[in-house]
$ cat target31.tsv   # TSV, C-alpha atoms and all ligand atoms
chain	number	residue	atom	x	y	z
W	434	MET	CA	209.67	55.57	-153.60
W	435	VAL	CA	206.18	56.69	-152.65
W	436	ARG	CA	202.71	55.18	-152.64
W	437	VAL	CA	200.42	57.36	-154.73
W	438	GLY	CA	196.68	57.39	-155.32
W	439	ILE	CA	194.82	59.33	-158.01
W	440	VAL	CA	191.25	60.25	-157.11
W	441	GLY	CA	189.32	61.04	-160.29
W	442	ALA	CA	191.71	58.92	-162.37
W	443	THR	CA	189.25	58.57	-165.28
W	444	GLY	CA	188.61	62.31	-165.64
W	445	ALA	CA	190.14	64.92	-167.94
W	446	VAL	CA	192.86	65.86	-165.42
W	447	GLY	CA	193.19	62.41	-163.80
W	448	THR	CA	194.16	60.74	-167.07
W	449	GLU	CA	196.77	63.46	-167.63
W	450	ILE	CA	198.19	62.88	-164.15
W	451	LEU	CA	198.68	59.24	-165.09
W	452	ARG	CA	200.55	60.25	-168.28
W	453	VAL	CA	202.69	62.82	-166.45
W	454	LEU	CA	203.69	60.30	-163.76
W	455	GLU	CA	204.69	57.90	-166.52
W	456	ALA	CA	206.52	60.46	-168.65
W	457	ARG	CA	208.48	61.89	-165.71
W	458	ASN	CA	209.38	58.47	-164.36
W	459	PHE	CA	207.94	59.37	-160.98
W	460	PRO	CA	209.42	57.15	-158.20
W	461	LEU	CA	206.36	55.03	-157.41
W	462	ALA	CA	206.25	52.24	-154.87
W	463	GLU	CA	202.53	51.69	-155.57
W	464	LEU	CA	199.88	53.39	-157.69
W	465	HIS	CA	196.16	53.17	-156.90
W	466	LEU	CA	193.43	54.60	-159.10
W	467	TYR	CA	190.04	55.76	-157.82
W	468	ALA	CA	186.94	57.09	-159.56
W	469	SER	CA	183.19	56.87	-159.03
W	470	GLU	CA	181.37	53.58	-158.54
W	471	ARG	CA	180.47	53.75	-162.25
W	472	SER	CA	184.08	53.16	-163.22
W	473	VAL	CA	184.91	50.38	-160.77
W	474	GLY	CA	185.85	47.36	-162.88
W	475	LYS	CA	187.51	49.43	-165.58
W	476	GLN	CA	191.29	49.45	-166.00
W	477	LEU	CA	193.73	52.12	-167.12
W	478	SER	CA	197.09	51.37	-168.68
W	479	PHE	CA	200.26	52.55	-167.00
W	480	ARG	CA	203.86	51.57	-167.75
W	481	GLY	CA	202.69	48.61	-169.81
W	482	SER	CA	200.29	47.17	-167.21
W	483	HIS	CA	196.59	47.53	-166.61
W	484	ILE	CA	195.66	49.09	-163.29
W	485	PRO	CA	192.11	48.55	-161.98
W	486	ILE	CA	189.90	51.40	-160.79
W	487	GLU	CA	189.16	50.87	-157.12
W	488	PRO	CA	186.34	52.25	-154.99
W	489	LEU	CA	187.53	54.86	-152.50
W	490	THR	CA	187.01	53.90	-148.82
W	491	GLU	CA	187.95	55.39	-145.44
W	492	HIS	CA	190.85	52.93	-145.34
W	493	SER	CA	192.27	53.71	-148.81
W	494	PHE	CA	194.46	56.49	-147.41
W	495	GLU	CA	196.16	54.34	-144.77
W	496	ASN	CA	198.22	52.75	-147.52
W	497	LEU	CA	199.06	55.93	-149.41
W	498	ASP	CA	201.72	58.63	-148.96
W	499	ILE	CA	200.18	61.06	-151.46
W	500	ALA	CA	196.68	61.32	-152.93
W	501	LEU	CA	196.33	63.47	-156.04
W	502	PHE	CA	192.70	64.63	-156.07
W	503	SER	CA	191.00	65.69	-159.26
W	504	ALA	CA	187.35	64.88	-158.79
W	505	GLY	CA	185.89	68.27	-157.87
W	506	SER	CA	185.43	70.20	-154.62
W	507	ASP	CA	182.65	68.05	-153.15
W	508	ILE	CA	184.71	64.85	-153.36
W	509	THR	CA	187.79	66.58	-151.95
W	510	LYS	CA	185.82	67.96	-149.00
W	511	LYS	CA	184.20	64.60	-148.36
W	512	TRP	CA	187.51	62.72	-148.09
W	513	ARG	CA	189.76	65.30	-146.40
W	514	SER	CA	189.43	63.98	-142.86
W	515	ALA	CA	189.91	60.35	-143.96
W	516	ALA	CA	193.10	61.36	-145.78
W	517	GLU	CA	194.32	63.26	-142.71
W	518	LYS	CA	193.52	60.31	-140.43
W	519	GLY	CA	195.36	57.99	-142.80
W	520	GLY	CA	198.46	60.23	-142.70
W	521	CYS	CA	198.24	60.78	-146.44
W	522	ILE	CA	199.13	64.13	-148.03
W	523	MET	CA	196.32	65.43	-150.21
W	524	ILE	CA	197.35	67.41	-153.31
W	525	ASP	CA	194.09	68.85	-154.54
W	526	ASN	CA	193.21	70.31	-157.92
W	527	SER	CA	189.85	71.70	-156.80
W	528	SER	CA	189.16	75.12	-155.32
W	529	ALA	CA	187.90	73.62	-152.03
W	530	PHE	CA	190.76	74.67	-149.75
W	531	ARG	CA	192.89	77.00	-151.88
W	532	MET	CA	192.31	80.13	-149.83
W	533	GLU	CA	192.38	78.39	-146.43
W	534	THR	CA	195.15	79.64	-144.12
W	535	GLY	CA	197.73	76.89	-143.66
W	536	VAL	CA	197.03	75.31	-147.04
W	537	PRO	CA	199.94	76.09	-149.39
W	538	LEU	CA	198.80	77.16	-152.85
W	539	VAL	CA	201.75	76.24	-154.97
W	540	ILE	CA	203.30	76.74	-158.38
W	541	PRO	CA	206.65	75.04	-157.71
W	542	GLU	CA	208.70	77.35	-159.97
W	543	ILE	CA	207.31	80.37	-158.10
W	544	ASN	CA	206.58	79.52	-154.47
W	545	GLY	CA	207.74	75.93	-153.93
W	546	GLU	CA	209.15	77.04	-150.57
W	547	ASP	CA	205.57	77.42	-149.26
W	548	LEU	CA	205.31	73.61	-149.21
W	549	ARG	CA	207.37	73.57	-146.01
W	550	GLY	CA	204.39	74.95	-144.10
W	551	HIS	CA	201.90	72.29	-145.16
W	552	HIS	CA	199.63	70.48	-142.69
W	553	GLY	CA	198.57	67.61	-144.93
W	554	VAL	CA	196.58	69.50	-147.58
W	555	ILE	CA	198.24	71.27	-150.51
W	556	ALA	CA	196.27	73.05	-153.21
W	557	VAL	CA	197.01	73.38	-156.91
W	558	PRO	CA	196.00	76.89	-158.01
W	559	ASN	CA	193.32	77.61	-160.57
W	560	CYS	CA	194.54	76.79	-164.08
W	561	SER	CA	194.17	80.34	-165.45
W	562	THR	CA	196.02	81.73	-162.43
W	563	ILE	CA	198.92	79.32	-162.97
W	564	ILE	CA	199.26	80.17	-166.67
W	565	MET	CA	199.12	83.91	-165.99
W	566	LEU	CA	201.63	83.80	-163.13
W	567	MET	CA	204.12	81.69	-165.09
W	568	ALA	CA	204.27	84.64	-167.50
W	569	VAL	CA	204.21	87.33	-164.80
W	570	ALA	CA	206.46	86.01	-162.00
W	571	PRO	CA	209.72	86.14	-164.01
W	572	LEU	CA	209.13	89.88	-164.51
W	573	ARG	CA	209.39	90.67	-160.80
W	574	THR	CA	213.11	90.96	-161.41
W	575	PHE	CA	212.34	94.29	-163.15
W	576	GLY	CA	210.54	95.87	-160.21
W	577	LYS	CA	207.40	95.76	-158.12
W	578	ILE	CA	204.32	94.73	-160.07
W	579	LYS	CA	201.43	97.00	-159.18
W	580	ARG	CA	198.58	95.82	-161.38
W	581	ILE	CA	197.70	93.05	-163.82
W	582	VAL	CA	194.83	93.27	-166.32
W	583	VAL	CA	194.07	89.89	-167.84
W	584	SER	CA	191.54	88.54	-170.35
W	585	THR	CA	191.31	84.79	-170.86
W	586	TYR	CA	190.23	82.57	-173.75
W	587	GLN	CA	189.56	79.27	-171.99
W	588	ALA	CA	189.28	75.79	-173.44
W	589	VAL	CA	186.32	73.51	-172.71
W	590	SER	CA	188.45	70.70	-171.26
W	591	GLY	CA	188.83	72.85	-168.14
W	592	ALA	CA	185.22	71.90	-167.44
W	593	GLY	CA	185.94	68.17	-167.62
W	594	ALA	CA	185.64	65.25	-169.99
W	595	LEU	CA	181.89	65.75	-170.56
W	596	ALA	CA	182.47	69.31	-171.76
W	597	ILE	CA	184.85	68.04	-174.45
W	598	ARG	CA	182.07	65.77	-175.71
W	599	GLU	CA	179.64	68.69	-175.61
W	600	LEU	CA	181.79	70.80	-177.96
W	601	GLU	CA	182.27	67.80	-180.29
W	602	ASN	CA	178.55	67.03	-180.41
W	603	GLU	CA	177.44	70.63	-180.83
W	604	THR	CA	179.97	71.20	-183.61
W	605	TYR	CA	178.82	68.05	-185.39
W	606	ASN	CA	175.16	68.99	-184.98
W	607	TYR	CA	175.83	72.56	-186.10
W	608	LEU	CA	177.46	71.36	-189.32
W	609	ALA	CA	174.97	68.52	-189.91
W	610	ASN	CA	172.07	70.96	-189.49
W	611	LYS	CA	173.70	73.35	-191.96
W	612	GLY	CA	174.33	76.11	-189.49
W	613	LEU	CA	171.48	75.70	-187.02
W	614	CYS	CA	173.14	75.79	-183.63
W	615	VAL	CA	171.53	73.40	-181.18
W	616	SER	CA	171.28	75.14	-177.84
W	617	SER	CA	172.84	73.38	-174.88
W	618	GLN	CA	169.97	74.70	-172.81
W	619	GLU	CA	167.64	72.31	-174.61
W	620	ASN	CA	169.70	69.48	-173.19
W	621	THR	CA	169.35	69.23	-169.42
W	622	ASP	CA	172.51	67.09	-169.20
W	623	SER	CA	174.71	69.78	-170.72
W	624	VAL	CA	177.74	71.08	-168.86
W	625	PHE	CA	177.56	74.62	-170.24
W	626	PRO	CA	174.65	77.06	-169.88
W	627	HIS	CA	174.98	78.25	-173.51
W	628	PRO	CA	175.98	76.75	-176.87
W	629	ILE	CA	179.77	76.55	-177.06
W	630	ALA	CA	180.24	75.56	-180.71
W	631	PHE	CA	180.90	78.70	-182.81
W	632	ASN	CA	180.19	80.81	-179.73
W	633	LEU	CA	181.89	82.13	-176.60
W	634	PHE	CA	180.57	83.30	-173.27
W	635	CYS	CA	181.41	84.65	-169.82
W	636	HIS	CA	183.07	81.80	-167.87
W	637	ASN	CA	180.45	79.31	-166.67
W	638	THR	CA	180.89	79.97	-162.95
W	639	ALA	CA	178.51	81.87	-160.70
W	640	ILE	CA	178.62	85.67	-160.71
W	641	ASN	CA	179.37	87.15	-157.27
W	642	GLU	CA	178.08	90.36	-155.68
W	643	ALA	CA	180.91	92.36	-157.23
W	644	GLY	CA	179.82	91.13	-160.67
W	645	TYR	CA	182.79	88.83	-161.28
W	646	ASN	CA	182.47	85.20	-162.34
W	647	GLY	CA	184.09	82.58	-160.10
W	648	GLU	CA	187.11	82.12	-162.36
W	649	GLU	CA	187.86	85.85	-162.39
W	650	TRP	CA	187.59	86.03	-158.61
W	651	LYS	CA	189.96	83.09	-158.20
W	652	MET	CA	192.57	84.81	-160.36
W	653	ILE	CA	192.29	87.96	-158.25
W	654	GLN	CA	192.49	86.23	-154.85
W	655	GLU	CA	194.92	83.43	-155.64
W	656	THR	CA	197.48	85.79	-157.20
W	657	LYS	CA	197.83	87.63	-153.88
W	658	LYS	CA	198.39	84.41	-151.96
W	659	ILE	CA	200.89	82.86	-154.40
W	660	LEU	CA	202.95	86.03	-154.80
W	661	HIS	CA	202.68	86.88	-151.07
W	662	ASP	CA	201.45	90.34	-152.06
W	663	GLU	CA	198.12	91.55	-150.67
W	664	ASP	CA	198.52	94.87	-152.53
W	665	ILE	CA	198.83	93.55	-156.06
W	666	GLN	CA	195.79	94.57	-158.10
W	667	VAL	CA	194.28	92.19	-160.62
W	668	ALA	CA	191.42	92.89	-163.04
W	669	ALA	CA	190.28	89.76	-164.83
W	670	THR	CA	187.79	88.90	-167.57
W	671	CYS	CA	187.40	85.17	-168.10
W	672	VAL	CA	185.75	83.80	-171.21
W	673	ARG	CA	185.07	80.25	-172.40
W	674	VAL	CA	185.88	79.71	-176.09
W	675	PRO	CA	185.27	76.75	-178.45
W	676	ILE	CA	188.78	75.32	-178.13
W	677	PHE	CA	189.34	71.78	-176.84
W	678	ARG	CA	192.53	72.36	-174.98
W	679	VAL	CA	194.84	75.19	-173.79
W	680	HIS	CA	193.92	78.44	-172.10
W	681	SER	CA	195.14	81.64	-173.77
W	682	GLU	CA	195.54	84.90	-171.90
W	683	SER	CA	196.12	88.51	-172.87
W	684	VAL	CA	198.03	90.09	-169.98
W	685	ASN	CA	198.86	93.72	-169.25
W	686	ILE	CA	201.41	94.13	-166.46
W	687	GLU	CA	201.94	97.50	-164.79
W	688	PHE	CA	205.03	98.10	-162.66
W	689	ASP	CA	205.16	100.57	-159.81
W	690	GLY	CA	206.80	103.44	-161.68
W	691	SER	CA	206.82	105.66	-158.59
W	692	ILE	CA	209.84	103.85	-157.14
W	693	SER	CA	212.80	106.16	-157.65
W	694	GLY	CA	215.24	105.06	-160.32
W	695	TRP	CA	212.81	102.64	-161.89
W	696	SER	CA	212.79	102.42	-165.67
W	697	ARG	CA	210.79	100.15	-167.94
W	698	PRO	CA	212.79	97.11	-169.13
W	699	SER	CA	213.45	96.70	-172.84
W	700	VAL	CA	211.51	94.08	-174.78
W	701	GLU	CA	214.80	92.20	-175.28
W	702	ASP	CA	215.39	92.09	-171.51
W	703	ILE	CA	211.85	90.87	-170.92
W	704	ARG	CA	212.30	88.11	-173.50
W	705	ALA	CA	215.58	87.09	-171.84
W	706	ALA	CA	214.05	86.98	-168.35
W	707	LEU	CA	211.12	84.87	-169.57
W	708	SER	CA	213.40	82.51	-171.53
W	709	ALA	CA	215.57	81.96	-168.45
W	710	PHE	CA	212.58	80.96	-166.30
W	711	ASP	CA	211.91	77.22	-165.89
W	712	GLY	CA	208.59	76.26	-167.47
W	713	VAL	CA	208.35	79.20	-169.89
W	714	ASP	CA	209.08	79.10	-173.61
W	715	VAL	CA	209.20	82.41	-175.50
W	716	VAL	CA	207.42	82.38	-178.88
W	717	ASP	CA	207.82	85.90	-180.14
W	718	ASP	CA	208.51	86.23	-183.84
W	719	ARG	CA	207.27	89.63	-185.02
W	720	ILE	CA	208.43	89.16	-188.60
W	721	ARG	CA	206.32	86.04	-189.11
W	722	ASN	CA	203.55	87.21	-186.77
W	723	HIS	CA	204.13	83.98	-184.89
W	724	PHE	CA	203.10	84.15	-181.26
W	725	PRO	CA	201.68	81.62	-178.77
W	726	MET	CA	198.78	79.54	-180.11
W	727	PRO	CA	196.70	76.80	-178.48
W	728	ASN	CA	197.56	74.22	-181.13
W	729	GLU	CA	201.28	74.67	-180.42
W	730	ALA	CA	200.84	74.69	-176.64
W	731	THR	CA	198.74	71.49	-176.61
W	732	GLY	CA	200.56	68.69	-174.83
W	733	ARG	CA	203.44	70.97	-173.83
W	734	TYR	CA	204.65	71.31	-170.26
W	735	ASP	CA	205.93	74.86	-170.87
W	736	VAL	CA	203.71	77.93	-170.93
W	737	LEU	CA	204.27	79.75	-174.23
W	738	VAL	CA	204.71	83.52	-173.91
W	739	GLY	CA	205.03	86.09	-176.68
W	740	HIS	CA	203.62	89.15	-178.43
W	741	ILE	CA	205.72	91.05	-175.88
W	742	ARG	CA	205.50	94.80	-176.26
W	743	HIS	CA	205.58	98.07	-174.38
W	744	ASP	CA	202.08	99.34	-173.62
W	745	VAL	CA	201.89	102.58	-175.64
W	746	SER	CA	199.11	103.85	-173.37
W	747	ASN	CA	201.10	103.52	-170.13
W	748	PRO	CA	204.86	104.13	-169.69
W	749	ASN	CA	204.99	101.73	-166.72
W	750	ALA	CA	203.29	98.78	-168.39
W	751	ILE	CA	203.94	95.96	-170.83
W	752	ASP	CA	201.63	93.62	-172.75
W	753	LEU	CA	202.06	89.97	-173.59
W	754	PHE	CA	200.10	86.90	-174.66
W	755	ALA	CA	200.39	83.47	-173.04
W	756	CYS	CA	199.11	80.00	-173.93
W	757	GLY	CA	199.31	77.09	-171.51
W	758	ASP	CA	197.99	73.56	-171.57
W	759	GLN	CA	195.64	73.93	-168.66
W	760	LEU	CA	195.29	70.17	-168.19
W	761	LEU	CA	199.07	69.93	-167.80
W	762	LYS	CA	200.77	73.00	-166.24
W	763	GLY	CA	197.35	74.26	-165.19
W	764	ALA	CA	196.51	71.07	-163.29
W	765	ALA	CA	198.12	67.61	-163.70
W	766	LEU	CA	201.72	68.70	-164.18
W	767	ASP	CA	201.59	71.24	-161.37
W	768	ALA	CA	200.20	68.57	-159.02
W	769	VAL	CA	202.92	66.07	-159.95
W	770	GLN	CA	205.62	68.78	-159.65
W	771	ILE	CA	204.34	69.50	-156.13
W	772	ALA	CA	204.69	65.79	-155.28
W	773	GLU	CA	208.21	65.79	-156.77
W	774	CYS	CA	209.11	68.88	-154.74
W	775	LEU	CA	207.94	67.19	-151.54
W	776	ILE	CA	210.28	64.30	-152.28
W	777	GLN	CA	213.24	66.39	-153.46
W	778	ARG	CA	213.05	68.77	-150.52
W	779	GLY	CA	212.55	65.95	-148.00
W	780	ILE	CA	209.20	67.37	-146.87
W	781	LEU	CA	207.22	64.15	-147.31
N	1	LIG	P1	183.95	58.66	-163.21
N	1	LIG	O1	184.69	58.66	-164.51
N	1	LIG	O2	183.77	57.30	-162.68
N	1	LIG	O3	182.68	59.48	-163.23
N	1	LIG	P2	186.04	65.27	-165.03
N	1	LIG	O4	186.65	66.40	-164.27
N	1	LIG	O5	186.71	64.99	-166.32
N	1	LIG	O6	184.56	65.43	-165.16
N	1	LIG	O7	186.29	63.95	-164.13
N	1	LIG	C1	185.83	63.83	-162.81
N	1	LIG	C2	186.51	62.64	-162.16
N	1	LIG	O8	185.99	62.51	-160.83
N	1	LIG	C3	186.23	61.32	-162.86
N	1	LIG	O9	187.37	60.49	-162.76
N	1	LIG	C4	185.08	60.78	-162.04
N	1	LIG	O10	184.93	59.36	-162.13
N	1	LIG	C5	185.53	61.17	-160.66
N	1	LIG	N1	184.46	61.06	-159.69
N	1	LIG	C6	183.19	61.50	-159.81
N	1	LIG	N2	182.47	61.18	-158.70
N	1	LIG	C7	183.32	60.52	-157.87
N	1	LIG	C8	183.19	59.93	-156.58
N	1	LIG	N3	182.05	59.96	-155.91
N	1	LIG	N4	184.29	59.33	-156.02
N	1	LIG	C9	185.48	59.31	-156.69
N	1	LIG	N5	185.64	59.84	-157.92
N	1	LIG	C10	184.60	60.44	-158.51

$ encode --input "target31.tsv" --output "structure tokens"
Amino acid sequence: MVRVGIVGATGAVGTEILRVLEARNFPLAELHLYASERSVGKQLSFRGSHIPIEPLTEHSFENLDIALFSAGSDITKKWRSAAEKGGCIMIDNSSAFRMETGVPLVIPEINGEDLRGHHGVIAVPNCSTIIMLMAVAPLRTFGKIKRIVVSTYQAVSGAGALAIRELENETYNYLANKGLCVSSQENTDSVFPHPIAFNLFCHNTAINEAGYNGEEWKMIQETKKILHDEDIQVAATCVRVPIFRVHSESVNIEFDGSISGWSRPSVEDIRAALSAFDGVDVVDDRIRNHFPMPNEATGRYDVLVGHIRHDVSNPNAIDLFACGDQLLKGAALDAVQIAECLIQRGIL
């Protein structure tokens, strides 16, 4: 039984963490909920009781074994040393420490063993990276993966609870104004830099010197760390779409065909390998043109994978389409699975 705190408990991911802990019957000795000062006084329901939101202090961590952080990079950075001093393991959903040496970046089904090397901080990978790698990692059984080309269709909830409201309001305004789209830019409080209702745009993270947005760069870098493969090449295009929940991804996977004796696996073998992998559900019905869709992936723990086919333009490559609930497997569920792994493997 462990003492757990959720930092950012009122947010889009924090509320999902609460539900996942409840649904998975997580062995809790105590549960403490933290959010900003604005939320102190509120209560959230859990296992039939109401748990108050507490203010976070330097001493909060002394009474916790694990703190699940989901309040953004600044908050995580601010409280890291207090958590370390308190002897509390930080499992962080932000990008603050993901690429730091010594911080395991973990998708339990893929690299749970990396948890053994932790020094108090463990990072949950970027949501798009998790969803992509859940579809890619099972295919390593067919040979060395040389290159991945991915395009994402990302839901607004990845940008937090306020972004969900923004899509709702813009959609309502768009319809009420008979088609006149109200620009988010006119509203200084808006989360997104462009209208999201009936629109889509390059992921709302800063563009780096190489011309990639932050999300794309995370997918490129984090993949190498999670798969322990500095040579794997990733080309990513990340796009925000007017969907409330679930990130979808079109993924092209190229194997290293230069290895002698290598031959491309059949579609049937690929389906079988994906089906056998924990956390993946194959949805691949060509007759009905039924493949992964956000509405069917919403609320699911599994990543849905389908539209599996040989790439006709490259004899070493395959194509597939994946949909994953980015608030769950892309964030809350992965964090809780990491905590479960720590307990099951006696690493706590
Ligand atoms: P609050 O609801 O009180 O603002 P989201 O990712 O959905 O935007 O949620 C962010 C989460 O981070 C919310 O739970 C938010 O609480 C929380 N948060 C924001 N600022 C702080 C802070 N200074 N200390 C702790 N939690 C914070």

$ residues_around --input "target31.tsv" --residues "stretch 691-695 of chain W" --least-positions-apart "5" --cutoff "12 Å" --atoms "only C-alpha atoms" --output "ChimeraX atom specification"
/W:574-579,748-749

$ atom_distance --input "target31.tsv" --atom1 "atom CA of W:Ile543" --atom2 "atom CA of W:Asp689"
20.4 Å

$ residues_around --input "target31.tsv" --residues "W:Ser584" --least-positions-apart "3" --cutoff "6 Å" --atoms "only C-alpha atoms" --output "PDB file with C-alpha atoms, in the coordinates of the input"
ATOM      1  CA  ALA W 669     190.280  89.760-164.830  1.00  0.00           C
ATOM      2  CA  THR W 670     187.790  88.900-167.570  1.00  0.00           C
ATOM      3  CA  CYS W 671     187.400  85.170-168.100  1.00  0.00           C
ATOM      4  CA  GLU W 682     195.540  84.900-171.900  1.00  0.00           C
ATOM      5  CA  SER W 683     196.120  88.510-172.870  1.00  0.00           C
TER       6      SER W 683
END

$ closest_residue --input "target31.tsv" --among "W:Pro628, W:Gly690, W:Pro541, W:Gly591" --to "W:Asp711" --atoms "all atoms listed in the file"
W:Pro541

$ residues_near_ligand --input "target31.tsv" --ligand "ligand LIG 1 (chain N)" --cutoff "8 Å" --atoms "all atoms listed in the file" --output "VMD selection string"
chain W and resid 440 to 447 467 to 473 488 to 489 503 to 505 508 590 to 596

$ closest_residue --input "target31.tsv" --among "W:Leu600, W:Ala500, W:Cys756, W:Met567" --to "W:Val679" --atoms "only C-alpha atoms"
W:Cys756

$ closest_residue --input "target31.tsv" --among "W:Glu491, W:Leu501, W:His743, W:Pro537" --to "W:Leu454" --atoms "all atoms listed in the file"
W:Leu501

$ residues_around --input "target31.tsv" --residues "W:Ala764" --least-positions-apart "6" --cutoff "8 Å" --atoms "all atoms listed in the file" --output "list in words"
Val446, Asn526, Val557, Pro558, Asn559 and Cys560 of chain W

$ write_last_selection --input "target31.tsv" --atoms "C-alpha atoms" --output "PDB file, in the frame of the given file"
ATOM      1  CA  VAL W 446     192.860  65.860-165.420  1.00  0.00           C
ATOM      2  CA  ASN W 526     193.210  70.310-157.920  1.00  0.00           C
ATOM      3  CA  VAL W 557     197.010  73.380-156.910  1.00  0.00           C
ATOM      4  CA  PRO W 558     196.000  76.890-158.010  1.00  0.00           C
ATOM      5  CA  ASN W 559     193.320  77.610-160.570  1.00  0.00           C
ATOM      6  CA  CYS W 560     194.540  76.790-164.080  1.00  0.00           C
TER       7      CYS W 560
END
